[in-house]
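Asks: Structure: data.cif, mmCIF, N, CA and C atoms.
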data_input
loop_
_atom_site.label_atom_id
_atom_site.label_comp_id
_atom_site.auth_asym_id
_atom_site.auth_seq_id
_atom_site.Cartn_x
_atom_site.Cartn_y
_atom_site.Cartn_z
N MET A 1 20.64 89.51 170.89
CA MET A 1 21.25 90.15 169.74
C MET A 1 20.19 90.26 168.65
N ARG A 2 20.13 91.43 168.05
CA ARG A 2 19.18 91.67 166.97
C ARG A 2 19.90 91.50 165.64
N LEU A 3 19.30 90.71 164.75
CA LEU A 3 19.87 90.47 163.43
C LEU A 3 19.20 91.39 162.42
N VAL A 4 20.03 92.18 161.73
CA VAL A 4 19.56 93.09 160.68
C VAL A 4 20.26 92.65 159.41
N ALA A 5 19.52 91.98 158.52
CA ALA A 5 20.16 91.41 157.33
C ALA A 5 19.42 91.83 156.08
N ASP A 6 20.19 92.18 155.05
CA ASP A 6 19.52 92.50 153.79
C ASP A 6 19.04 91.19 153.15
N PRO A 7 17.97 91.24 152.37
CA PRO A 7 17.39 90.03 151.79
C PRO A 7 18.38 89.21 150.95
N GLU A 8 19.29 89.88 150.27
CA GLU A 8 20.28 89.16 149.46
C GLU A 8 21.21 88.32 150.33
N ALA A 9 21.61 88.86 151.48
CA ALA A 9 22.47 88.12 152.39
C ALA A 9 21.74 86.90 152.95
N VAL A 10 20.48 87.08 153.33
CA VAL A 10 19.69 85.97 153.85
C VAL A 10 19.56 84.88 152.80
N GLU A 11 19.23 85.25 151.58
CA GLU A 11 19.07 84.27 150.50
C GLU A 11 20.38 83.54 150.22
N PHE A 12 21.48 84.25 150.24
CA PHE A 12 22.80 83.63 150.01
C PHE A 12 23.09 82.57 151.08
N VAL A 13 22.88 82.93 152.34
CA VAL A 13 23.15 81.99 153.44
C VAL A 13 22.18 80.81 153.36
N ARG A 14 20.92 81.06 153.10
CA ARG A 14 19.95 79.97 152.98
C ARG A 14 20.33 79.00 151.87
N ALA A 15 20.82 79.52 150.76
CA ALA A 15 21.22 78.67 149.64
C ALA A 15 22.44 77.80 150.00
N GLN A 16 23.20 78.22 151.00
CA GLN A 16 24.40 77.48 151.44
C GLN A 16 24.09 76.57 152.64
N GLY A 17 22.83 76.47 153.02
CA GLY A 17 22.46 75.59 154.13
C GLY A 17 21.80 76.29 155.30
N GLY A 18 21.79 77.62 155.32
CA GLY A 18 21.08 78.37 156.36
C GLY A 18 21.86 78.64 157.62
N ARG A 19 23.14 78.27 157.67
CA ARG A 19 23.95 78.51 158.86
C ARG A 19 25.04 79.53 158.56
N LEU A 20 25.26 80.43 159.52
CA LEU A 20 26.32 81.43 159.38
C LEU A 20 27.19 81.37 160.63
N PHE A 21 28.49 81.20 160.42
CA PHE A 21 29.44 81.13 161.52
C PHE A 21 30.22 82.43 161.58
N LEU A 22 30.30 83.01 162.77
CA LEU A 22 31.05 84.24 163.00
C LEU A 22 32.37 83.93 163.69
N THR A 23 33.41 84.60 163.28
CA THR A 23 34.68 84.55 164.00
C THR A 23 35.27 85.95 163.99
N MET A 24 36.27 86.16 164.81
CA MET A 24 36.96 87.44 164.84
C MET A 24 38.29 87.28 164.11
N SER A 25 38.69 88.33 163.39
CA SER A 25 40.00 88.32 162.74
C SER A 25 41.08 88.29 163.82
N ARG A 26 42.28 88.00 163.41
CA ARG A 26 43.39 87.98 164.36
C ARG A 26 43.74 89.37 164.87
N GLY A 27 43.37 90.39 164.14
CA GLY A 27 43.62 91.75 164.59
C GLY A 27 44.85 92.37 163.97
N CYS A 28 44.91 93.65 164.11
CA CYS A 28 46.08 94.40 163.65
C CYS A 28 46.33 95.52 164.65
N CYS A 29 47.28 96.35 164.35
CA CYS A 29 47.55 97.53 165.20
C CYS A 29 47.76 97.11 166.66
N ALA A 30 48.66 96.19 166.88
CA ALA A 30 48.97 95.66 168.21
C ALA A 30 47.79 94.90 168.79
N GLY A 31 46.92 94.36 167.93
CA GLY A 31 45.82 93.51 168.38
C GLY A 31 44.59 94.24 168.84
N GLY A 32 44.56 95.58 168.73
CA GLY A 32 43.43 96.34 169.25
C GLY A 32 42.21 96.39 168.35
N VAL A 33 42.40 96.25 167.04
CA VAL A 33 41.29 96.34 166.11
C VAL A 33 41.08 94.98 165.46
N ARG A 34 39.82 94.53 165.43
CA ARG A 34 39.47 93.25 164.82
C ARG A 34 38.27 93.42 163.93
N TRP A 35 38.10 92.48 163.01
CA TRP A 35 36.95 92.47 162.11
C TRP A 35 36.16 91.20 162.34
N LEU A 36 34.85 91.28 162.10
CA LEU A 36 34.04 90.07 162.10
C LEU A 36 34.24 89.37 160.77
N GLU A 37 34.42 88.08 160.81
CA GLU A 37 34.51 87.29 159.59
C GLU A 37 33.36 86.30 159.60
N THR A 38 32.86 85.96 158.42
CA THR A 38 31.73 85.05 158.33
C THR A 38 32.07 83.88 157.42
N SER A 39 31.36 82.79 157.64
CA SER A 39 31.49 81.62 156.79
C SER A 39 30.19 80.83 156.88
N THR A 40 29.84 80.17 155.81
CA THR A 40 28.66 79.31 155.85
C THR A 40 29.03 77.88 156.22
N THR A 41 30.30 77.64 156.49
CA THR A 41 30.75 76.33 156.97
C THR A 41 31.60 76.51 158.21
N ARG A 42 31.53 75.55 159.08
CA ARG A 42 32.33 75.58 160.30
C ARG A 42 33.79 75.31 159.93
N LYS A 43 34.68 76.12 160.48
CA LYS A 43 36.11 75.96 160.19
C LYS A 43 36.86 75.64 161.47
N GLY A 44 37.76 74.70 161.35
CA GLY A 44 38.61 74.35 162.49
C GLY A 44 37.88 73.57 163.56
N ARG A 45 38.52 73.47 164.70
CA ARG A 45 37.99 72.70 165.82
C ARG A 45 37.34 73.58 166.88
N ARG A 46 37.25 74.84 166.61
CA ARG A 46 36.69 75.78 167.57
C ARG A 46 35.28 75.36 167.97
N ARG A 47 34.93 75.58 169.24
CA ARG A 47 33.59 75.27 169.72
C ARG A 47 32.68 76.47 169.47
N PHE A 48 31.58 76.26 168.79
CA PHE A 48 30.62 77.31 168.49
C PHE A 48 29.34 77.09 169.29
N GLU A 49 28.69 78.20 169.60
CA GLU A 49 27.38 78.15 170.25
C GLU A 49 26.38 78.85 169.36
N ARG A 50 25.17 78.34 169.31
CA ARG A 50 24.13 78.98 168.52
C ARG A 50 23.68 80.25 169.22
N VAL A 51 23.59 81.31 168.46
CA VAL A 51 23.18 82.62 168.98
C VAL A 51 21.67 82.76 168.75
N PRO A 52 20.92 83.09 169.78
CA PRO A 52 19.48 83.24 169.58
C PRO A 52 19.16 84.51 168.79
N VAL A 53 18.68 84.33 167.57
CA VAL A 53 18.24 85.45 166.74
C VAL A 53 16.90 85.09 166.11
N GLU A 54 16.10 86.10 165.84
CA GLU A 54 14.85 85.86 165.15
C GLU A 54 15.11 85.82 163.66
N GLY A 55 14.36 85.01 162.95
CA GLY A 55 14.51 84.96 161.51
C GLY A 55 14.81 83.57 161.02
N GLU A 56 15.20 83.50 159.78
CA GLU A 56 15.35 82.23 159.08
C GLU A 56 16.74 81.63 159.19
N LEU A 57 17.69 82.36 159.70
CA LEU A 57 19.08 81.88 159.71
C LEU A 57 19.46 81.34 161.08
N GLU A 58 20.40 80.40 161.06
CA GLU A 58 21.05 79.95 162.29
C GLU A 58 22.40 80.65 162.34
N VAL A 59 22.65 81.36 163.43
CA VAL A 59 23.91 82.09 163.59
C VAL A 59 24.68 81.45 164.74
N TYR A 60 25.97 81.19 164.49
CA TYR A 60 26.84 80.57 165.48
C TYR A 60 28.04 81.47 165.72
N ALA A 61 28.45 81.55 166.98
CA ALA A 61 29.62 82.33 167.37
C ALA A 61 30.51 81.47 168.25
N PRO A 62 31.81 81.78 168.30
CA PRO A 62 32.69 81.01 169.19
C PRO A 62 32.18 81.07 170.63
N ALA A 63 32.28 79.97 171.33
CA ALA A 63 31.84 79.91 172.72
C ALA A 63 32.50 81.02 173.53
N GLY A 64 31.71 81.76 174.27
CA GLY A 64 32.22 82.82 175.13
C GLY A 64 32.44 84.16 174.45
N MET A 65 32.20 84.25 173.17
CA MET A 65 32.41 85.52 172.46
C MET A 65 31.37 86.55 172.90
N ARG A 66 31.84 87.75 173.21
CA ARG A 66 30.93 88.85 173.55
C ARG A 66 30.19 89.22 172.27
N LEU A 67 28.88 89.35 172.36
CA LEU A 67 28.06 89.61 171.17
C LEU A 67 27.63 91.06 171.10
N PRO A 68 27.44 91.58 169.89
CA PRO A 68 26.96 92.96 169.75
C PRO A 68 25.47 93.04 170.05
N ASP A 69 24.98 94.25 170.23
CA ASP A 69 23.53 94.44 170.35
C ASP A 69 22.86 94.16 169.01
N ASP A 70 23.48 94.67 167.93
CA ASP A 70 22.97 94.49 166.57
C ASP A 70 24.05 93.86 165.70
N LEU A 71 23.68 92.83 164.96
CA LEU A 71 24.56 92.23 163.98
C LEU A 71 23.95 92.49 162.61
N GLU A 72 24.66 93.26 161.79
CA GLU A 72 24.17 93.58 160.45
C GLU A 72 24.87 92.71 159.43
N LEU A 73 24.09 92.17 158.50
CA LEU A 73 24.63 91.32 157.44
C LEU A 73 24.31 91.93 156.09
N ARG A 74 25.32 92.01 155.24
CA ARG A 74 25.15 92.51 153.87
C ARG A 74 25.89 91.58 152.92
N LEU A 75 25.33 91.42 151.73
CA LEU A 75 25.99 90.59 150.73
C LEU A 75 26.91 91.44 149.90
N ARG A 76 28.16 91.04 149.85
CA ARG A 76 29.14 91.70 148.99
C ARG A 76 29.14 90.97 147.66
N ARG A 77 29.16 91.69 146.58
CA ARG A 77 29.05 91.08 145.26
C ARG A 77 30.36 90.50 144.73
N PHE A 78 31.47 91.21 144.90
CA PHE A 78 32.77 90.74 144.37
C PHE A 78 33.85 90.89 145.42
N PRO A 79 34.40 89.84 145.94
CA PRO A 79 33.96 88.47 145.79
C PRO A 79 32.66 88.26 146.57
N ARG A 80 31.85 87.36 146.12
CA ARG A 80 30.53 87.13 146.69
C ARG A 80 30.67 86.50 148.08
N ARG A 81 30.30 87.26 149.10
CA ARG A 81 30.37 86.78 150.48
C ARG A 81 29.50 87.67 151.37
N VAL A 82 29.22 87.18 152.55
CA VAL A 82 28.45 87.95 153.53
C VAL A 82 29.43 88.72 154.40
N GLU A 83 29.16 90.01 154.55
CA GLU A 83 29.95 90.84 155.47
C GLU A 83 29.10 91.12 156.70
N ALA A 84 29.73 91.11 157.85
CA ALA A 84 29.03 91.34 159.11
C ALA A 84 29.54 92.62 159.75
N TYR A 85 28.63 93.36 160.34
CA TYR A 85 28.95 94.63 161.01
C TYR A 85 28.47 94.57 162.45
N TRP A 86 29.37 94.88 163.37
CA TRP A 86 29.13 94.84 164.81
C TRP A 86 28.55 96.19 165.24
N ASP A 87 27.29 96.23 165.60
CA ASP A 87 26.63 97.47 165.99
C ASP A 87 26.88 98.58 164.97
N GLY A 88 26.85 98.21 163.69
CA GLY A 88 27.01 99.18 162.61
C GLY A 88 28.44 99.45 162.19
N CYS A 89 29.42 98.87 162.88
CA CYS A 89 30.83 99.11 162.56
C CYS A 89 31.44 97.91 161.87
N ALA A 90 32.39 98.18 160.97
CA ALA A 90 33.09 97.11 160.29
C ALA A 90 34.18 96.52 161.16
N TRP A 91 34.53 97.19 162.23
CA TRP A 91 35.61 96.73 163.10
C TRP A 91 35.12 96.68 164.54
N VAL A 92 35.86 95.95 165.36
CA VAL A 92 35.52 95.77 166.77
C VAL A 92 36.77 96.10 167.59
N LEU A 93 36.61 96.90 168.60
CA LEU A 93 37.74 97.21 169.50
C LEU A 93 37.78 96.25 170.66
#
Could you take the file, read its structure, and then write that structure out as structure tokens?
Replies:
Amino acid sequence: MRLVADPEAVEFVRAQGGRLFLTMSRGCCAGGVRWLETSTTRKGRRRFERVPVEGELEVYAPAGMRLPDDLELRLRRFPRRVEAYWDGCAWVL
């Protein structure tokens, strides 16, 4: 997986400890459409695996999650958080 992150997103994650956890939303539209969600802290008891990416960040995804070719990270200003895009899309089918 190739990580494409804007410098602001990288700095934000580094300031929070350097780890980014990915999860999928519960979905809508009969479960067909999902969004990537991010957090700088591990949530719940879910088992995460470290995703091999080049760069300064540690990226973790739920065990067994299918990964995109490209993961894009951008910092959203209000509310301040990292948004993730799966191969350039905000949603995943």
Asks: Could you tell me which residues the PyMOL selection byres (((chain A and resi 74-84 and name CA) around 8) and name CA) grabs in this file, written as a list in words?
Replies: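 With the PyMOL selection byres (((chain A and resi 74-84 and name CA) around 8) and name CA) on this model, the match is Ala5, Asp6, Glu8, Ala9, Phe12, Val13, Leu36, Glu37, Thr38, Ser39, Leu71, Glu72, Leu73, Tyr85, Trp86 and Ala90 of chain A.
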Asks: With DSSP run on the backbone, what are the strand (DSSP E) residues within chain A? I'd like them as a PyMOL selection string.
Replies: chain A and resi 2-5+19-24+34-39+48-51+58-62+70-76+81-86+91-92
Asks: Report the residues retrieved by the PyMOL selection byres ((chain A and resi 1) around 5) from the displayed file, expressed as a PyMOL selection string.
Replies: chain A and resi 2-3+69
Asks: Considering all atoms listed in the file, state which residue in the set A:Ala63, A:Val33, A:Leu57, A:Val51 is at the smallest distance from A:Gly18.
Replies: A:Leu57
Asks: So how far away is atom CA of A:Cys89 from atom N of A:Gly44, in Å?
Replies: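 Atom CA of A:Cys89 lies 25.4 Å from atom N of A:Gly44.
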Asks: In file coordinates, which residues lie within 7 Å of (36.0, 79.8, 167.2) using all atoms listed in the file, given as a ChimeraX atom specification?
Replies: /A:22-24,45-48,61-63
Asks: How about saving the chosen residues, N, CA and C atoms kept, as a PDB file, keeping the file's coordinate frame?
Replies:
ATOM      1  N   LEU A  22      30.300  83.010 162.770  1.00  0.00           N
ATOM      2  CA  LEU A  22      31.050  84.240 163.000  1.00  0.00           C
ATOM      3  C   LEU A  22      32.370  83.930 163.690  1.00  0.00           C
ATOM      4  N   THR A  23      33.410  84.600 163.280  1.00  0.00           N
ATOM      5  CA  THR A  23      34.680  84.550 164.000  1.00  0.00           C
ATOM      6  C   THR A  23      35.270  85.950 163.990  1.00  0.00           C
ATOM      7  N   MET A  24      36.270  86.160 164.810  1.00  0.00           N
ATOM      8  CA  MET A  24      36.960  87.440 164.840  1.00  0.00           C
ATOM      9  C   MET A  24      38.290  87.280 164.110  1.00  0.00           C
ATOM     10  N   ARG A  45      38.520  73.470 164.700  1.00  0.00           N
ATOM     11  CA  ARG A  45      37.990  72.700 165.820  1.00  0.00           C
ATOM     12  C   ARG A  45      37.340  73.580 166.880  1.00  0.00           C
ATOM     13  N   ARG A  46      37.250  74.840 166.610  1.00  0.00           N
ATOM     14  CA  ARG A  46      36.690  75.780 167.570  1.00  0.00           C
ATOM     15  C   ARG A  46      35.280  75.360 167.970  1.00  0.00           C
ATOM     16  N   ARG A  47      34.930  75.580 169.240  1.00  0.00           N
ATOM     17  CA  ARG A  47      33.590  75.270 169.720  1.00  0.00           C
ATOM     18  C   ARG A  47      32.680  76.470 169.470  1.00  0.00           C
ATOM     19  N   PHE A  48      31.580  76.260 168.790  1.00  0.00           N
ATOM     20  CA  PHE A  48      30.620  77.310 168.490  1.00  0.00           C
ATOM     21  C   PHE A  48      29.340  77.090 169.290  1.00  0.00           C
ATOM     22  N   ALA A  61      28.450  81.550 166.980  1.00  0.00           N
ATOM     23  CA  ALA A  61      29.620  82.330 167.370  1.00  0.00           C
ATOM     24  C   ALA A  61      30.510  81.470 168.250  1.00  0.00           C
ATOM     25  N   PRO A  62      31.810  81.780 168.300  1.00  0.00           N
ATOM     26  CA  PRO A  62      32.690  81.010 169.190  1.00  0.00           C
ATOM     27  C   PRO A  62      32.180  81.070 170.630  1.00  0.00           C
ATOM     28  N   ALA A  63      32.280  79.970 171.330  1.00  0.00           N
ATOM     29  CA  ALA A  63      31.840  79.910 172.720  1.00  0.00           C
ATOM     30  C   ALA A  63      32.500  81.020 173.530  1.00  0.00           C
TER      31      ALA A  63
END
Asks: So what do you get for atom N of A:Gly88 versus atom C of A:Glu56, distance-wise?
Replies: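 Those two atoms sit 19.9 Å apart.
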Asks: Figure out the distance between atom N of A:Arg34 and atom CA of A:Ala15, please, to one decimal in Å.
Replies: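 Taking atom CA of A:Ala15 and atom N of A:Arg34, their separation equals 29.1 Å.
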Asks: If you run DSSP over the backbone, which residues in chain A end up helix (DSSP H, G or I)? Put them as a PyMOL selection string.
Replies: chain A and resi 7-15
Asks: Emit as lines of an AutoDock Vina configuration file the padded axis-aligned box for all listed atoms of stretch 36-40 of chain A, 5 Å per side, with centre and edge lengths in Å to one decimal.
Replies:
center_x = 31.8
center_y = 84.6
center_z = 159.0
size_x = 16.2
size_y = 23.4
size_z = 16.3
Asks: Apply the PyMOL selection byres ((chain A and resi 19) around 5) to the displayed file and report the matching residues as a PyMOL selection string.
Replies: chain A and resi 17-18+20-21+40+58
